[in-house]
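Colleague: Have a peek at start.csv (CSV, C-alpha atoms).
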chain,number,residue,atom,x,y,z
A,23,MET,CA,0.0,0.0,0.0
A,24,LEU,CA,1.0,3.6,-0.7
A,25,LEU,CA,0.6,6.5,1.8
A,26,PHE,CA,0.9,10.1,0.7
A,27,LYS,CA,-0.7,13.5,1.1
A,28,ARG,CA,-2.8,15.2,-1.6
A,29,GLY,CA,-5.0,18.3,-1.3
A,30,GLY,CA,-4.5,18.3,2.5
A,31,LYS,CA,-5.7,14.7,2.9
A,32,ASP,CA,-3.8,11.7,4.0
A,33,LEU,CA,-4.5,9.1,1.3
A,34,LEU,CA,-4.0,5.4,1.1
A,35,VAL,CA,-3.6,3.8,-2.3
A,36,HIS,CA,-4.1,0.0,-2.7
A,37,LEU,CA,-3.7,-2.0,-5.9
A,38,SER,CA,-5.3,-5.4,-5.4
A,39,LYS,CA,-4.6,-8.4,-7.7
A,40,SER,CA,-7.9,-7.5,-9.4
A,41,GLY,CA,-6.0,-4.8,-11.3
A,42,PHE,CA,-8.1,-2.1,-9.8
A,43,VAL,CA,-6.6,0.7,-7.7
A,44,PHE,CA,-8.5,1.8,-4.6
A,45,VAL,CA,-7.8,5.3,-3.3
A,46,MET,CA,-9.0,5.9,0.3
A,47,ASP,CA,-8.9,8.5,3.0
A,48,LYS,CA,-6.4,7.1,5.5
A,49,GLN,CA,-8.4,8.5,8.5
A,50,ASP,CA,-11.8,6.9,7.9
A,51,GLY,CA,-11.4,4.6,4.9
A,52,LYS,CA,-13.8,6.6,2.7
A,53,LEU,CA,-13.2,5.9,-1.0
A,54,GLU,CA,-11.9,8.8,-3.0
A,55,ASN,CA,-11.7,6.9,-6.3
A,56,VAL,CA,-11.4,3.5,-7.9
A,57,TRP,CA,-9.6,3.1,-11.3
A,58,PRO,CA,-8.4,0.2,-13.4
A,59,LEU,CA,-4.7,-0.2,-13.9
A,60,TYR,CA,-5.1,-3.6,-15.7
A,61,GLU,CA,-6.8,-2.9,-19.0
A,62,GLY,CA,-8.1,-6.3,-20.2
A,63,TYR,CA,-10.1,-7.4,-17.2
A,64,ASN,CA,-13.2,-9.6,-17.6
A,65,PHE,CA,-13.9,-10.9,-14.1
A,66,ALA,CA,-16.4,-8.1,-13.7
A,67,LYS,CA,-17.8,-5.4,-15.9
A,68,SER,CA,-16.5,-2.6,-13.6
A,69,VAL,CA,-16.2,-1.4,-10.0
A,70,ASP,CA,-18.4,1.2,-8.4
A,71,PRO,CA,-16.0,4.1,-7.6
A,72,LYS,CA,-18.2,5.2,-4.6
A,73,THR,CA,-18.6,1.9,-2.8
A,74,GLY,CA,-16.0,-0.4,-4.3
A,75,ALA,CA,-18.6,-3.0,-5.1
A,76,LEU,CA,-18.1,-5.2,-8.2
A,77,ILE,CA,-20.6,-4.6,-11.0
A,78,GLY,CA,-21.4,-7.6,-13.2
A,79,ARG,CA,-19.1,-10.1,-11.4
A,80,VAL,CA,-18.4,-13.3,-13.3
A,81,ASP,CA,-18.7,-16.4,-11.1
A,82,PRO,CA,-17.0,-19.4,-12.8
A,83,GLU,CA,-19.1,-22.6,-12.9
A,84,PRO,CA,-17.7,-25.8,-11.4
A,85,GLY,CA,-16.5,-28.2,-14.1
A,86,LYS,CA,-16.6,-25.5,-16.8
A,87,GLU,CA,-13.5,-24.0,-18.3
A,88,THR,CA,-13.5,-20.2,-17.9
A,89,LEU,CA,-11.1,-17.5,-19.1
A,90,MET,CA,-10.3,-15.1,-16.3
A,91,CYS,CA,-8.4,-11.8,-16.6
A,92,PRO,CA,-6.3,-10.9,-14.8
A,93,SER,CA,-4.6,-14.2,-14.3
A,94,ALA,CA,-4.0,-15.8,-10.9
A,95,PHE,CA,-0.8,-13.8,-10.7
A,96,GLY,CA,-3.0,-10.6,-10.6
A,97,GLY,CA,-2.8,-7.3,-12.5
A,98,ARG,CA,0.4,-7.0,-10.5
A,99,SER,CA,2.1,-9.6,-8.4
A,100,TRP,CA,3.6,-8.8,-4.9
A,101,ASN,CA,6.4,-6.7,-6.4
A,102,PRO,CA,5.9,-3.1,-5.2
A,103,GLY,CA,5.6,0.1,-7.2
A,104,ALA,CA,7.2,3.4,-6.2
A,105,TYR,CA,5.9,6.9,-5.6
A,106,ASN,CA,7.9,10.0,-6.3
A,107,PRO,CA,6.7,13.1,-4.5
A,108,LYS,CA,8.6,15.4,-6.8
A,109,THR,CA,6.9,14.2,-10.0
A,110,GLY,CA,3.7,13.3,-8.2
A,111,LEU,CA,3.7,10.0,-10.1
A,112,TRP,CA,3.4,6.4,-9.1
A,113,TYR,CA,5.5,3.9,-11.1
A,114,THR,CA,4.1,0.4,-11.2
A,115,PRO,CA,4.5,-2.8,-13.3
A,116,VAL,CA,1.4,-4.3,-14.9
A,117,LEU,CA,0.9,-8.0,-15.7
A,118,GLU,CA,-1.5,-7.9,-18.7
A,119,ILE,CA,-2.1,-11.7,-19.0
A,120,CYS,CA,-5.0,-14.1,-18.3
A,121,ASN,CA,-5.6,-17.7,-17.6
A,122,THR,CA,-8.1,-20.4,-18.3
A,123,MET,CA,-9.1,-22.8,-15.6
A,124,THR,CA,-11.8,-25.2,-14.5
A,125,PRO,CA,-13.2,-24.8,-11.0
A,126,VAL,CA,-13.2,-28.0,-8.8
A,127,PRO,CA,-14.6,-28.7,-5.4
A,128,GLN,CA,-12.4,-27.7,-2.4
A,129,PRO,CA,-11.1,-30.7,-0.4
A,130,PRO,CA,-12.9,-31.1,3.0
A,131,ASP,CA,-9.6,-32.0,4.8
A,132,PRO,CA,-8.0,-28.7,6.0
A,133,HIS,CA,-4.6,-30.3,5.8
A,134,ALA,CA,-4.9,-30.3,2.0
A,135,TYR,CA,-4.5,-26.5,2.2
A,136,GLY,CA,-0.9,-26.8,3.2
A,137,VAL,CA,0.1,-26.6,-0.5
A,138,LEU,CA,-0.6,-24.0,-3.2
A,139,ARG,CA,-4.2,-24.4,-4.4
A,140,PHE,CA,-6.2,-22.4,-6.9
A,141,GLY,CA,-9.5,-24.2,-6.4
A,142,ALA,CA,-9.3,-25.1,-10.0
A,143,LYS,CA,-7.6,-27.6,-12.4
A,144,ASN,CA,-6.1,-27.1,-15.9
A,145,VAL,CA,-4.8,-23.6,-15.2
A,146,VAL,CA,-3.2,-22.3,-18.4
A,147,TYR,CA,-1.9,-18.8,-18.8
A,148,LYS,CA,-2.8,-16.8,-21.9
A,149,LYS,CA,-1.6,-13.7,-23.6
A,150,ILE,CA,-4.1,-11.0,-24.7
A,151,ALA,CA,-4.3,-10.4,-28.4
A,152,GLY,CA,-3.0,-7.0,-29.3
A,153,LYS,CA,-1.6,-6.2,-25.8
A,154,SER,CA,1.9,-6.3,-24.5
A,155,PRO,CA,2.1,-8.8,-21.6
A,156,GLY,CA,4.2,-6.4,-19.5
A,157,ARG,CA,4.1,-2.7,-18.8
A,158,LEU,CA,5.7,-0.2,-16.5
A,159,ASP,CA,3.3,2.7,-16.1
A,160,ALA,CA,3.8,6.2,-14.7
A,161,ARG,CA,0.4,7.2,-13.2
A,162,ASP,CA,-1.3,9.8,-11.1
A,163,PRO,CA,-2.1,7.5,-8.1
A,164,VAL,CA,-5.4,9.3,-7.4
A,165,THR,CA,-6.9,9.8,-10.9
A,166,GLY,CA,-5.1,7.1,-12.8
A,167,ALA,CA,-4.1,9.5,-15.5
A,168,ARG,CA,-1.1,8.1,-17.3
A,169,ARG,CA,2.1,10.1,-18.0
A,170,TRP,CA,4.0,7.4,-19.8
A,171,THR,CA,4.3,3.7,-20.4
A,172,TYR,CA,7.1,1.3,-21.2
A,173,GLU,CA,5.8,-1.8,-22.9
A,174,SER,CA,7.7,-5.1,-22.9
A,175,ALA,CA,7.3,-8.6,-24.3
A,176,LEU,CA,7.9,-10.0,-20.9
A,177,PRO,CA,5.9,-9.1,-17.7
A,178,SER,CA,8.0,-7.6,-14.9
A,179,PHE,CA,7.9,-9.4,-11.5
A,180,GLY,CA,10.5,-7.1,-10.0
A,181,GLY,CA,10.0,-4.1,-7.7
A,182,VAL,CA,10.3,-0.5,-8.7
A,183,LEU,CA,12.6,2.2,-7.2
A,184,THR,CA,12.4,5.9,-7.9
A,185,THR,CA,14.9,8.5,-6.7
A,186,GLY,CA,15.0,12.2,-5.8
A,187,GLY,CA,17.3,12.7,-8.8
A,188,GLY,CA,14.5,11.8,-11.3
A,189,LEU,CA,15.3,8.2,-12.0
A,190,VAL,CA,13.1,5.0,-12.1
A,191,PHE,CA,14.6,1.5,-11.9
A,192,ASN,CA,12.9,-1.7,-12.8
A,193,GLY,CA,14.1,-5.1,-14.0
A,194,ASP,CA,12.7,-8.0,-16.0
A,195,PRO,CA,12.7,-11.9,-15.7
A,196,VAL,CA,15.7,-12.4,-18.0
A,197,GLY,CA,17.8,-10.2,-15.8
A,198,ILE,CA,18.0,-6.8,-17.5
A,199,VAL,CA,17.7,-3.8,-15.1
A,200,ARG,CA,16.8,-0.5,-16.6
A,201,ALA,CA,16.9,3.1,-15.5
A,202,PHE,CA,14.2,5.4,-16.9
A,203,ASP,CA,13.7,9.1,-16.9
A,204,ALA,CA,11.0,9.7,-14.3
A,205,ASP,CA,9.4,12.4,-16.3
A,206,ASP,CA,9.1,10.9,-19.8
A,207,GLY,CA,10.0,7.2,-19.5
A,208,LYS,CA,13.1,7.4,-21.7
A,209,VAL,CA,15.5,4.4,-21.1
A,210,LEU,CA,18.7,6.0,-19.9
A,211,TRP,CA,20.7,2.9,-19.0
A,212,SER,CA,20.5,-0.9,-18.8
A,213,PHE,CA,22.6,-3.8,-17.5
A,214,ASN,CA,22.2,-7.6,-17.7
A,215,THR,CA,22.5,-9.0,-14.2
A,216,GLY,CA,22.6,-12.6,-15.4
A,217,SER,CA,19.4,-13.8,-13.7
A,218,GLY,CA,15.8,-12.6,-13.4
A,219,LEU,CA,14.8,-9.8,-11.1
A,220,ARG,CA,12.1,-10.8,-8.6
A,221,SER,CA,12.4,-8.5,-5.6
A,222,GLY,CA,13.0,-4.9,-4.7
A,223,ILE,CA,15.8,-2.5,-5.7
A,224,VAL,CA,17.1,-0.2,-3.1
A,225,SER,CA,19.2,3.0,-2.9
A,226,TYR,CA,21.7,4.1,-0.2
A,227,ALA,CA,24.7,6.4,0.3
A,228,VAL,CA,28.2,5.9,1.8
A,229,ASP,CA,30.5,8.9,2.3
A,230,GLY,CA,28.3,11.1,0.1
A,231,LYS,CA,28.2,8.6,-2.9
A,232,GLN,CA,24.9,7.1,-3.9
A,233,TYR,CA,24.5,3.5,-4.8
A,234,ILE,CA,21.8,1.4,-6.4
A,235,LEU,CA,21.6,-2.2,-5.1
A,236,VAL,CA,20.0,-4.8,-7.4
A,237,PRO,CA,19.1,-8.3,-6.2
A,238,SER,CA,19.4,-10.8,-9.1
A,239,GLY,CA,17.9,-14.2,-8.7
A,240,TRP,CA,14.9,-15.6,-10.7
A,241,GLY,CA,12.6,-17.8,-8.6
A,242,SER,CA,9.2,-18.3,-7.0
A,243,ALA,CA,6.0,-19.6,-8.6
A,244,ALA,CA,6.6,-17.3,-11.6
A,245,ALA,CA,9.8,-19.2,-12.5
A,246,ILE,CA,7.8,-22.5,-12.4
A,247,GLU,CA,4.7,-21.4,-14.3
A,248,MET,CA,5.7,-18.6,-16.7
A,249,PRO,CA,8.0,-20.6,-19.0
A,250,ALA,CA,5.0,-22.4,-20.5
A,251,LEU,CA,3.8,-19.0,-21.8
A,252,PHE,CA,7.1,-17.3,-22.3
A,253,ARG,CA,9.6,-19.9,-23.6
A,254,GLU,CA,12.6,-17.6,-23.3
A,255,LEU,CA,12.2,-17.9,-19.5
A,256,ALA,CA,12.9,-21.6,-19.5
A,257,GLY,CA,16.6,-21.0,-19.8
A,258,VAL,CA,17.0,-18.3,-17.2
A,259,PRO,CA,19.6,-19.4,-14.7
A,260,GLY,CA,19.0,-19.3,-11.0
A,261,ALA,CA,21.1,-17.0,-8.8
A,262,SER,CA,21.4,-15.2,-5.5
A,263,THR,CA,23.4,-12.1,-6.2
A,264,LEU,CA,23.5,-8.5,-5.0
A,265,ILE,CA,25.0,-6.1,-7.6
A,266,ALA,CA,25.8,-2.5,-6.6
A,267,PHE,CA,26.0,0.4,-9.0
A,268,THR,CA,27.1,4.0,-8.4
A,269,VAL,CA,25.0,7.0,-9.5
A,270,GLU,CA,27.3,9.6,-10.9
Output the file's structure in the form of structure tokens.
Modeller:
Amino acid sequence: MLLFKRGGKDLLVHLSKSGFVFVMDKQDGKLENVWPLYEGYNFAKSVDPKTGALIGRVDPEPGKETLMCPSAFGGRSWNPGAYNPKTGLWYTPVLEICNTMTPVPQPPDPHAYGVLRFGAKNVVYKKIAGKSPGRLDARDPVTGARRWTYESALPSFGGVLTTGGGLVFNGDPVGIVRAFDADDGKVLWSFNTGSGLRSGIVSYAVDGKQYILVPSGWGSAAAIEMPALFRELAGVPGASTLIAFTVE
């Protein structure tokens, strides 16, 4: 969740796996706005921006194959976005993919829930025709207005870092970390770390010199399930490496 001030209010911004962004007053939870970050959603027709209630929710039928968008990974996974108070923009990855699945009965034995379970079988991930599977968006967190977008053939499962010097950092599953101009999204620099980026990038300083620390190491459920949809991910090596760069 993101906390910041806007117009004299303390606001809380929450992007759920539904791909919708909920903007609330931190003091009382009152909704200020709800807007879709994920564009190809089909699990509902829309969301009421005043109440947050789903409109036209699709309930999959047991035993019947159903296409659901976003996929089980969500409009974004657990990797965080980043807010820059100087630009007023929120930088966040988007997973523009879907999956088909067939709902099945839940097992009555609670011990069966000790493993990952979707409540469905035959879960197959799908691309959306005409859409890039991955995006990095620069958005106004309250209105959803988009400043710029970086589209990619692979979805990003890595966290975002933005700096006071006007940079945005994000990496992809094959290991390339990129630095973007925070204002216009221009790619300023890139480096292949050797393995996929899955967690957060951090910045720190020692003796007046700024560093960017990038964790490189592809893993988690994404490394197991995504190669079926993106074949280039099948050969990404595992790693557990921290790489530090200086900001000159």
Colleague: Report as number ranges by chain all protein, DNA and RNA residues lying within 12 Å of Ala243 (chain A), evaluated on all atoms listed in the file, omitting residues in the same chain fewer than 4 positions from it.
Modeller: A: 94-95, 99-100, 138, 179, 220, 247-249
Colleague: So, counting only C-alpha atoms, which residue among A:Tyr233, A:Gly222, A:Pro195, A:Thr165 is closest to Pro259 (chain A)?
Modeller: A:Pro195
Colleague: Please, what distance in Å, to one decimal, runs between CA of Lys31 (chain A) and CA of Val43 (chain A)?
Modeller: 17.6 Å
Colleague: Could you check the closest approach to Leu37 (chain A) for each of A:Met123, A:Tyr226, A:Lys148, A:Pro163 and tell me which residue wins, using all atoms listed in the file?
Modeller: A:Pro163
Colleague: Quick one: everything within 9 Å of Asp203 (chain A), counting all atoms listed in the file, minus sequence neighbours fewer than 3 positions away in the same chain. Send it as a PyMOL selection string.
Modeller: chain A and resi 188-190+206-210
Colleague: Any idea what the distance is between CA of Val69 (chain A) and CA of Trp57 (chain A)?
Modeller: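 Value for the CA of Val69 (chain A)-CA of Trp57 (chain A) distance: 8.1 Å.
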Colleague: Calculated over only C-alpha atoms, which of the candidates A:Gly103, A:Gly41, A:Gly187, A:Gly110 has the smallest distance to Ser221 (chain A)?
Modeller: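 For Ser221 (chain A), the nearest of the candidates is A:Gly103.
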Colleague: For a quick check of understanding, using all atoms listed in the file, which of A:Gln128, A:Thr268, A:Ser178, A:Asn101 has the smallest distance to Ser225 (chain A)?
Modeller: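 When distances to Ser225 (chain A) are compared using all atoms listed in the file, the smallest one comes from A:Thr268.
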Colleague: A:Leu89, A:Ala66, A:Leu34, A:Val182: which is nearest Gly51 (chain A), counting all atoms listed in the file?
Modeller: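 Closest residue, counting all atoms listed in the file: A:Leu34.
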Colleague: From the list A:Gly216, A:Pro130, A:Gly186, A:Gly29, which residue is nearest Pro107 (chain A) when using all atoms listed in the file?
Modeller: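 Looking only at the distances to Pro107 (chain A), the closest residue turns out to be A:Gly186.
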Colleague: Write out as a list in words each polymer residue whose atoms come within 8 Å of Leu53 (chain A), counting only C-alpha atoms; drop sequence neighbours fewer than 2 positions from it.
Modeller: Phe44, Val45, Met46, Asp47, Gly51, Asn55, Val56, Pro71, Lys72, Thr73 and Gly74 of chain A
Colleague: Could you turn the residues from that selection into a file that holds C-alpha atoms, as a tab-separated table (two decimals), in the frame of the given file?
Modeller:
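Writing done, so here's result29.tsv:
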chain	number	residue	atom	x	y	z
A	44	PHE	CA	-8.50	1.80	-4.60
A	45	VAL	CA	-7.80	5.30	-3.30
A	46	MET	CA	-9.00	5.90	0.30
A	47	ASP	CA	-8.90	8.50	3.00
A	51	GLY	CA	-11.40	4.60	4.90
A	55	ASN	CA	-11.70	6.90	-6.30
A	56	VAL	CA	-11.40	3.50	-7.90
A	71	PRO	CA	-16.00	4.10	-7.60
A	72	LYS	CA	-18.20	5.20	-4.60
A	73	THR	CA	-18.60	1.90	-2.80
A	74	GLY	CA	-16.00	-0.40	-4.30
Colleague: Would you pick out the contacts of Pro92 (chain A) at 10 Å or less, using all atoms listed in the file, so that residues sharing its chain but fewer than 3 positions from it are not included, and give the list as a PyMOL selection string?
Modeller: chain A and resi 39-41+60-65+89+95-98+117-121+147-148
Colleague: Please report the interatomic distance between CA of Ser154 (chain A) and CA of Leu59 (chain A) in Å with one decimal.
Modeller: 13.9 Å
